[in-house]
>>> print(open('model_21.cif').read())   # mmCIF, C-alpha atoms
data_final
#
loop_
_atom_site.label_atom_id
_atom_site.label_comp_id
_atom_site.auth_asym_id
_atom_site.auth_seq_id
_atom_site.Cartn_x
_atom_site.Cartn_y
_atom_site.Cartn_z
CA MET A 1 -115.78 -17.93 -80.69
CA LYS A 2 -117.45 -18.01 -84.08
CA ILE A 3 -115.44 -16.71 -87.03
CA LEU A 4 -117.12 -15.80 -90.33
CA TYR A 5 -115.43 -15.16 -93.68
CA PHE A 6 -117.00 -13.44 -96.68
CA ALA A 7 -116.11 -12.83 -100.34
CA PHE A 8 -112.41 -13.44 -101.15
CA LEU A 9 -111.67 -14.41 -97.55
CA ARG A 10 -114.27 -17.17 -97.73
CA GLN A 11 -112.74 -18.43 -100.97
CA ARG A 12 -109.14 -18.37 -99.71
CA THR A 13 -109.84 -19.99 -96.35
CA GLY A 14 -112.28 -22.41 -97.98
CA LEU A 15 -114.63 -21.72 -95.06
CA GLY A 16 -117.78 -19.68 -94.57
CA GLU A 17 -117.49 -20.05 -90.82
CA GLU A 18 -115.64 -21.91 -88.13
CA THR A 19 -115.78 -22.17 -84.37
CA VAL A 20 -112.41 -21.73 -82.66
CA ASN A 21 -111.03 -21.71 -79.15
CA ALA A 22 -108.39 -19.01 -79.28
CA PRO A 23 -105.75 -19.01 -76.51
CA ASP A 24 -106.64 -16.85 -73.50
CA GLU A 25 -103.82 -14.39 -74.16
CA ILE A 26 -105.55 -13.26 -77.38
CA GLN A 27 -107.64 -10.28 -76.37
CA ASP A 28 -108.12 -8.17 -79.48
CA VAL A 29 -108.84 -8.53 -83.20
CA ALA A 30 -105.19 -7.98 -84.19
CA GLY A 31 -104.07 -10.85 -81.94
CA LEU A 32 -106.82 -13.07 -83.32
CA VAL A 33 -105.76 -12.35 -86.91
CA GLU A 34 -102.15 -13.37 -86.16
CA TRP A 35 -103.35 -16.57 -84.49
CA LEU A 36 -105.82 -17.44 -87.28
CA LYS A 37 -103.01 -17.09 -89.84
CA THR A 38 -101.31 -20.08 -88.22
CA ARG A 39 -104.29 -22.34 -88.95
CA GLY A 40 -103.17 -23.05 -92.51
CA PRO A 41 -101.86 -21.61 -95.78
CA GLY A 42 -105.37 -20.56 -96.90
CA HIS A 43 -105.89 -18.59 -93.69
CA ALA A 44 -102.41 -17.05 -93.96
CA GLU A 45 -103.10 -15.94 -97.53
CA ALA A 46 -106.62 -14.62 -96.79
CA LEU A 47 -105.46 -12.58 -93.79
CA ARG A 48 -102.06 -11.53 -95.17
CA ASP A 49 -102.92 -7.89 -95.95
CA VAL A 50 -104.97 -6.43 -93.10
CA SER A 51 -105.37 -3.13 -94.99
CA ALA A 52 -107.64 -5.03 -97.43
CA ILE A 53 -109.80 -6.44 -94.63
CA ARG A 54 -112.68 -5.04 -92.63
CA VAL A 55 -113.90 -6.65 -89.42
CA ALA A 56 -117.16 -6.83 -87.49
CA VAL A 57 -117.49 -7.98 -83.88
CA ASN A 58 -121.00 -9.14 -83.01
CA GLN A 59 -122.29 -7.61 -86.25
CA GLU A 60 -120.89 -4.12 -85.56
CA PHE A 61 -117.96 -2.65 -87.52
CA ALA A 62 -114.84 -2.92 -85.41
CA GLY A 63 -111.10 -2.22 -85.61
CA MET A 64 -107.91 -4.20 -85.16
CA ASP A 65 -107.70 -2.93 -81.55
CA THR A 66 -111.28 -3.98 -80.65
CA ALA A 67 -111.39 -6.28 -77.62
CA ILE A 68 -112.83 -9.77 -78.12
CA ALA A 69 -114.27 -12.43 -75.83
CA ALA A 70 -114.94 -16.16 -76.00
CA ASN A 71 -118.57 -15.96 -77.14
CA ASP A 72 -118.14 -13.25 -79.78
CA GLU A 73 -119.05 -13.57 -83.45
CA ILE A 74 -116.20 -12.09 -85.47
CA ALA A 75 -116.45 -11.58 -89.23
CA PHE A 76 -113.69 -10.78 -91.73
CA PHE A 77 -114.50 -9.37 -95.17
CA PRO A 78 -113.29 -6.89 -97.82
CA PRO A 79 -114.66 -3.32 -98.04
CA VAL A 80 -118.35 -3.56 -98.93
CA THR A 81 -119.60 -3.15 -102.52
CA GLY A 82 -123.39 -3.32 -102.37
CA GLY A 83 -125.97 -0.94 -103.78
CA MET B 1 -139.82 1.85 -91.93
CA THR B 2 -139.07 -1.38 -93.72
CA VAL B 3 -135.97 -3.35 -94.71
CA LYS B 4 -136.10 -6.42 -96.95
CA VAL B 5 -133.10 -8.52 -97.97
CA GLN B 6 -134.23 -11.08 -100.50
CA ARG B 7 -133.25 -13.26 -103.44
CA GLU B 8 -136.51 -12.54 -105.29
CA ASP B 9 -137.17 -9.66 -107.68
CA PHE B 10 -139.51 -6.83 -106.64
CA ASP B 11 -142.16 -4.70 -108.34
CA VAL B 12 -141.34 -1.00 -107.89
CA GLY B 13 -144.89 0.21 -108.57
CA ALA B 14 -146.44 -2.31 -106.20
CA GLU B 15 -143.95 -1.42 -103.46
CA ILE B 16 -144.68 2.30 -103.73
CA ALA B 17 -148.43 1.65 -103.84
CA ALA B 18 -148.20 -0.49 -100.69
CA LEU B 19 -146.10 2.14 -98.91
CA THR B 20 -148.50 4.99 -99.63
CA ALA B 21 -151.84 3.12 -99.44
CA GLY B 22 -154.36 5.00 -97.32
CA ARG B 23 -151.93 7.83 -96.58
CA SER B 24 -152.99 11.39 -97.22
CA ASP B 25 -150.15 12.98 -95.24
CA ILE B 26 -147.46 12.04 -97.78
CA GLY B 27 -146.78 14.77 -100.33
CA GLY B 28 -143.74 13.35 -102.08
CA VAL B 29 -142.12 10.00 -102.75
CA ALA B 30 -138.52 9.65 -103.96
CA THR B 31 -137.07 6.41 -105.27
CA PHE B 32 -133.64 5.11 -106.21
CA LEU B 33 -133.57 1.93 -108.25
CA GLY B 34 -130.22 0.24 -108.85
CA LEU B 35 -129.78 -2.12 -111.81
CA VAL B 36 -127.04 -4.50 -112.94
CA ARG B 37 -124.94 -2.80 -115.64
CA ASP B 38 -123.34 -4.82 -118.44
CA ILE B 39 -120.07 -2.86 -118.43
CA ALA B 40 -117.64 -2.18 -115.57
CA GLY B 41 -114.66 -0.10 -116.66
CA ASP B 42 -113.96 -1.62 -120.08
CA GLU B 43 -115.02 -5.15 -119.18
CA GLU B 44 -118.26 -6.74 -120.26
CA ILE B 45 -120.19 -8.29 -117.38
CA SER B 46 -122.24 -11.40 -118.09
CA ALA B 47 -123.60 -11.73 -114.53
CA MET B 48 -122.83 -10.93 -110.91
CA THR B 49 -123.41 -12.72 -107.64
CA LEU B 50 -124.19 -10.70 -104.53
CA GLU B 51 -123.08 -12.18 -101.23
CA HIS B 52 -124.09 -10.68 -97.89
CA TYR B 53 -123.79 -11.16 -94.14
CA PRO B 54 -127.22 -12.37 -92.95
CA GLY B 55 -128.09 -10.70 -89.69
CA MET B 56 -125.60 -7.85 -89.92
CA THR B 57 -127.07 -6.74 -93.25
CA GLU B 58 -130.55 -6.26 -91.83
CA LYS B 59 -129.11 -4.59 -88.73
CA MET B 60 -127.01 -2.13 -90.75
CA LEU B 61 -129.88 -1.26 -93.09
CA ALA B 62 -132.14 -0.60 -90.09
CA ASP B 63 -129.38 1.58 -88.55
CA ILE B 64 -129.08 3.54 -91.79
CA GLU B 65 -132.85 4.08 -91.91
CA ALA B 66 -132.81 5.25 -88.30
CA GLN B 67 -130.08 7.78 -89.23
CA ALA B 68 -132.26 9.14 -92.05
CA LEU B 69 -135.17 9.55 -89.62
CA VAL B 70 -132.99 11.64 -87.30
CA ARG B 71 -132.04 13.95 -90.17
CA TRP B 72 -135.27 14.35 -92.14
CA PRO B 73 -139.01 14.41 -91.34
CA LEU B 74 -139.99 11.18 -93.11
CA ASP B 75 -143.36 9.43 -93.12
CA GLU B 76 -142.14 6.16 -94.63
CA THR B 77 -138.92 4.55 -95.81
CA LEU B 78 -138.27 1.28 -97.62
CA ILE B 79 -135.02 -0.44 -98.55
CA ILE B 80 -135.04 -3.65 -100.60
CA HIS B 81 -131.69 -5.24 -101.48
CA ARG B 82 -131.35 -8.47 -103.44
CA TYR B 83 -128.65 -11.13 -103.16
CA GLY B 84 -127.74 -14.15 -105.27
CA ARG B 85 -126.96 -14.30 -108.99
CA LEU B 86 -128.19 -11.40 -111.13
CA GLU B 87 -127.85 -10.58 -114.82
CA PRO B 88 -127.49 -7.25 -116.64
CA GLY B 89 -130.72 -5.29 -116.46
CA ASP B 90 -131.86 -7.01 -113.26
CA ARG B 91 -132.99 -4.89 -110.32
CA ILE B 92 -130.55 -4.97 -107.36
CA VAL B 93 -131.66 -2.34 -104.88
CA LEU B 94 -134.64 -0.09 -104.21
CA VAL B 95 -134.72 2.85 -101.82
CA VAL B 96 -138.03 4.66 -101.30
CA THR B 97 -138.57 7.66 -99.04
CA ALA B 98 -141.86 9.44 -98.41
CA SER B 99 -142.40 12.79 -96.74
CA ALA B 100 -144.81 15.70 -96.66
CA HIS B 101 -142.42 17.64 -98.91
CA ARG B 102 -140.12 16.74 -101.78
CA LYS B 103 -136.85 18.10 -100.37
CA ALA B 104 -136.82 15.71 -97.42
CA ALA B 105 -137.80 12.77 -99.64
CA LEU B 106 -135.18 13.50 -102.33
CA GLU B 107 -132.30 14.27 -99.97
CA SER B 108 -132.92 11.32 -97.67
CA CYS B 109 -133.19 8.93 -100.62
CA GLU B 110 -129.73 10.00 -101.82
CA PHE B 111 -128.38 9.79 -98.28
CA LEU B 112 -129.71 6.24 -97.86
CA ILE B 113 -128.15 4.88 -101.04
CA ASP B 114 -124.83 6.67 -100.34
CA TRP B 115 -124.64 5.25 -96.82
CA LEU B 116 -125.84 1.81 -97.88
CA LYS B 117 -123.02 1.54 -100.41
CA THR B 118 -120.35 2.03 -97.74
CA ARG B 119 -121.97 0.36 -94.70
CA ALA B 120 -124.21 -2.52 -95.73
CA PRO B 121 -122.23 -5.80 -95.85
CA PHE B 122 -122.73 -6.85 -99.46
CA TRP B 123 -120.06 -7.97 -101.93
CA LYS B 124 -120.31 -8.31 -105.70
CA LEU B 125 -118.60 -11.08 -107.65
CA GLU B 126 -118.60 -10.20 -111.36
CA GLU B 127 -118.48 -12.76 -114.16
CA THR B 128 -116.63 -11.56 -117.28
CA GLY B 129 -115.06 -13.15 -120.36
CA GLN B 130 -111.79 -13.20 -118.37
CA GLY B 131 -113.31 -15.06 -115.44
CA GLU B 132 -114.69 -14.03 -112.05
CA HIS B 133 -113.48 -11.24 -109.83
CA TRP B 134 -114.64 -9.43 -106.70
CA VAL B 135 -115.63 -5.82 -107.26
CA GLU B 136 -113.34 -3.42 -105.41
CA ALA B 137 -114.72 -0.67 -103.21
CA ARG B 138 -114.49 2.78 -104.79
CA GLU B 139 -113.08 5.84 -103.08
CA SER B 140 -115.78 7.96 -104.73
CA ASP B 141 -118.41 5.96 -102.81
CA ASP B 142 -116.64 6.74 -99.52
CA GLU B 143 -116.52 10.42 -100.45
CA ALA B 144 -120.23 10.41 -101.36
CA ALA B 145 -121.07 8.94 -97.96
CA THR B 146 -118.76 11.14 -95.87
CA ARG B 147 -120.06 14.38 -97.33
CA TRP B 148 -123.32 13.73 -95.42
CA ASN B 149 -121.36 14.03 -92.17
CA LYS B 150 -121.31 17.77 -92.84
CA THR B 151 -125.10 17.90 -93.19
CA PRO B 152 -126.69 18.94 -89.92
CA ALA B 153 -129.56 16.81 -88.66
CA LYS B 154 -133.02 17.98 -89.73
CA ALA B 155 -131.47 20.11 -92.49
CA ALA B 156 -134.56 19.83 -94.64
CA GLN B 157 -137.10 20.92 -92.06
#
>>> encode(input="model_21.cif", output="structure tokens")
Amino acid sequence: MKILYFAFLRQRTGLGEETVNAPDEIQDVAGLVEWLKTRGPGHAEALRDVSAIRVAVNQEFAGMDTAIAANDEIAFFPPVTGG
Amino acid sequence: MTVKVQREDFDVGAEIAALTAGRSDIGGVATFLGLVRDIAGDEEISAMTLEHYPGMTEKMLADIEAQALVRWPLDETLIIHRYGRLEPGDRIVLVVTASAHRKAALESCEFLIDWLKTRAPFWKLEETGQGEHWVEARESDDEAATRWNKTPAKAAQ
């Protein structure tokens, strides 16, 4: 699956995007977040406080309990501040 | 019904002229133009950089426009949002709505900017004398957007 990071999450992970093969037992966003945190200290720091993070699955706003699949595009970012 | 996400500046007069050219059914045009302010709280802003999520941004703006069309009888809508580095006084966002009557144009214009602020995936990085920081989302923006949930569809008809 393709993972995207924006704003402070991009800075802390040091990545705009990455392609990962998450273990099969990971079936929702919450599980993915826990697994991504193990990829390094930058990831752990970026994803530490889930209350500060919003998520989109395939470019639609989603929640921590949203189901995910191998070919999904999953984005993590802070609450939006455009306009 | 148009959405543009671009780095370049835009000309408000030219955009409105293009939107209304050859149209005699439009009776009112409302616009919201957002500019970069030089003060946020008590901090002086020297510049800001707008980051966005290409693909989702266009999709969300189109969704927001579609919502406005369900609620008001609109002849035309236009949303332009810039990204990249901007300085105080620069134009950031333009919302234009056109309808036979002013009420639909004015209300839908406010609705579009309120919804855009809480749903379109943009983030602002401000540059100040104390360094750079990401702008935090404001609760008042969420409240401004949610109050439209109480507005029945086609309220202005």
>>> closest_residue(input="model_21.cif", among="B:Glu58, B:Asp11, B:Asp42, B:Glu136", to="chain A", atoms="all atoms listed in the file")
B:Glu136
>>> residues_around(input="model_21.cif", residues="B:Gly84", least_positions_apart="4", cutoff="9 Å", atoms="only C-alpha atoms", output="count of residues only")
8
>>> atom_distance(input="model_21.cif", atom1="atom CA of A:Thr81", atom2="atom CA of B:Lys124")
6.1 Å
>>> closest_residue(input="model_21.cif", among="B:Thr2, B:Ser140, B:Ser99, B:Ser46", to="chain A", atoms="all atoms listed in the file")
B:Ser140
>>> resolve_selection(input="model_21.cif", expression="the PyMOL selection byres ((chain B) within 12 of (chain A))", output="ChimeraX atom specification")
/B:5,32-36,48-61,63,79-83,91-95,110,112-126,132-142
>>> residues_around(input="model_21.cif", residues="A:Glu73", least_positions_apart="4", cutoff="6 Å", atoms="all atoms listed in the file", output="list in words")
Lys2, Ile3, Val57 and Asn58 of chain A
>>> residues_around(input="model_21.cif", residues="A:Asn21", least_positions_apart="5", cutoff="10 Å", atoms="only C-alpha atoms", output="list in words")
Met1, Lys2, Ala70 and Asn71 of chain A
>>> resolve_selection(input="model_21.cif", expression="the PyMOL selection byres ((chain A and resi 23) around 12)", output="PDB file with C-alpha atoms, in the coordinates of the input")
ATOM      1  CA  MET A   1    -115.780 -17.930 -80.690  1.00  0.00           C
ATOM      2  CA  VAL A  20    -112.410 -21.730 -82.660  1.00  0.00           C
ATOM      3  CA  ASN A  21    -111.030 -21.710 -79.150  1.00  0.00           C
ATOM      4  CA  ALA A  22    -108.390 -19.010 -79.280  1.00  0.00           C
ATOM      5  CA  ASP A  24    -106.640 -16.850 -73.500  1.00  0.00           C
ATOM      6  CA  GLU A  25    -103.820 -14.390 -74.160  1.00  0.00           C
ATOM      7  CA  ILE A  26    -105.550 -13.260 -77.380  1.00  0.00           C
ATOM      8  CA  GLN A  27    -107.640 -10.280 -76.370  1.00  0.00           C
ATOM      9  CA  ASP A  28    -108.120  -8.170 -79.480  1.00  0.00           C
ATOM     10  CA  GLY A  31    -104.070 -10.850 -81.940  1.00  0.00           C
ATOM     11  CA  LEU A  32    -106.820 -13.070 -83.320  1.00  0.00           C
ATOM     12  CA  GLU A  34    -102.150 -13.370 -86.160  1.00  0.00           C
ATOM     13  CA  TRP A  35    -103.350 -16.570 -84.490  1.00  0.00           C
ATOM     14  CA  LEU A  36    -105.820 -17.440 -87.280  1.00  0.00           C
ATOM     15  CA  ILE A  68    -112.830  -9.770 -78.120  1.00  0.00           C
ATOM     16  CA  ALA A  69    -114.270 -12.430 -75.830  1.00  0.00           C
ATOM     17  CA  ALA A  70    -114.940 -16.160 -76.000  1.00  0.00           C
TER      18      ALA A  70
END
>>> atom_distance(input="model_21.cif", atom1="atom CA of A:Glu17", atom2="atom CA of A:Arg54")
15.9 Å
>>> atom_distance(input="model_21.cif", atom1="atom CA of B:Gly28", atom2="atom CA of B:Thr97")
8.3 Å
>>> resolve_selection(input="model_21.cif", expression="the PyMOL selection byres ((chain B and resi 102-105) around 9)", output="JSON, numbers by chain")
{"B": [27, 28, 29, 30, 31, 71, 72, 73, 74, 96, 97, 98, 99, 100, 101, 106, 107, 108, 109, 110, 154, 155, 156, 157]}
>>> closest_residue(input="model_21.cif", among="B:Asp90, B:Glu76, B:Thr128, B:Ile16", to="B:Glu43", atoms="all atoms listed in the file")
B:Thr128
>>> residues_around(input="model_21.cif", residues="A:Thr13", least_positions_apart="3", cutoff="7 Å", atoms="only C-alpha atoms", output="MDAnalysis selection string")
chainID A and resid 9:10 42:43 46
>>> closest_residue(input="model_21.cif", among="B:Met1, B:Phe111, B:Leu86, B:Arg147", to="B:Arg37", atoms="only C-alpha atoms")
B:Leu86
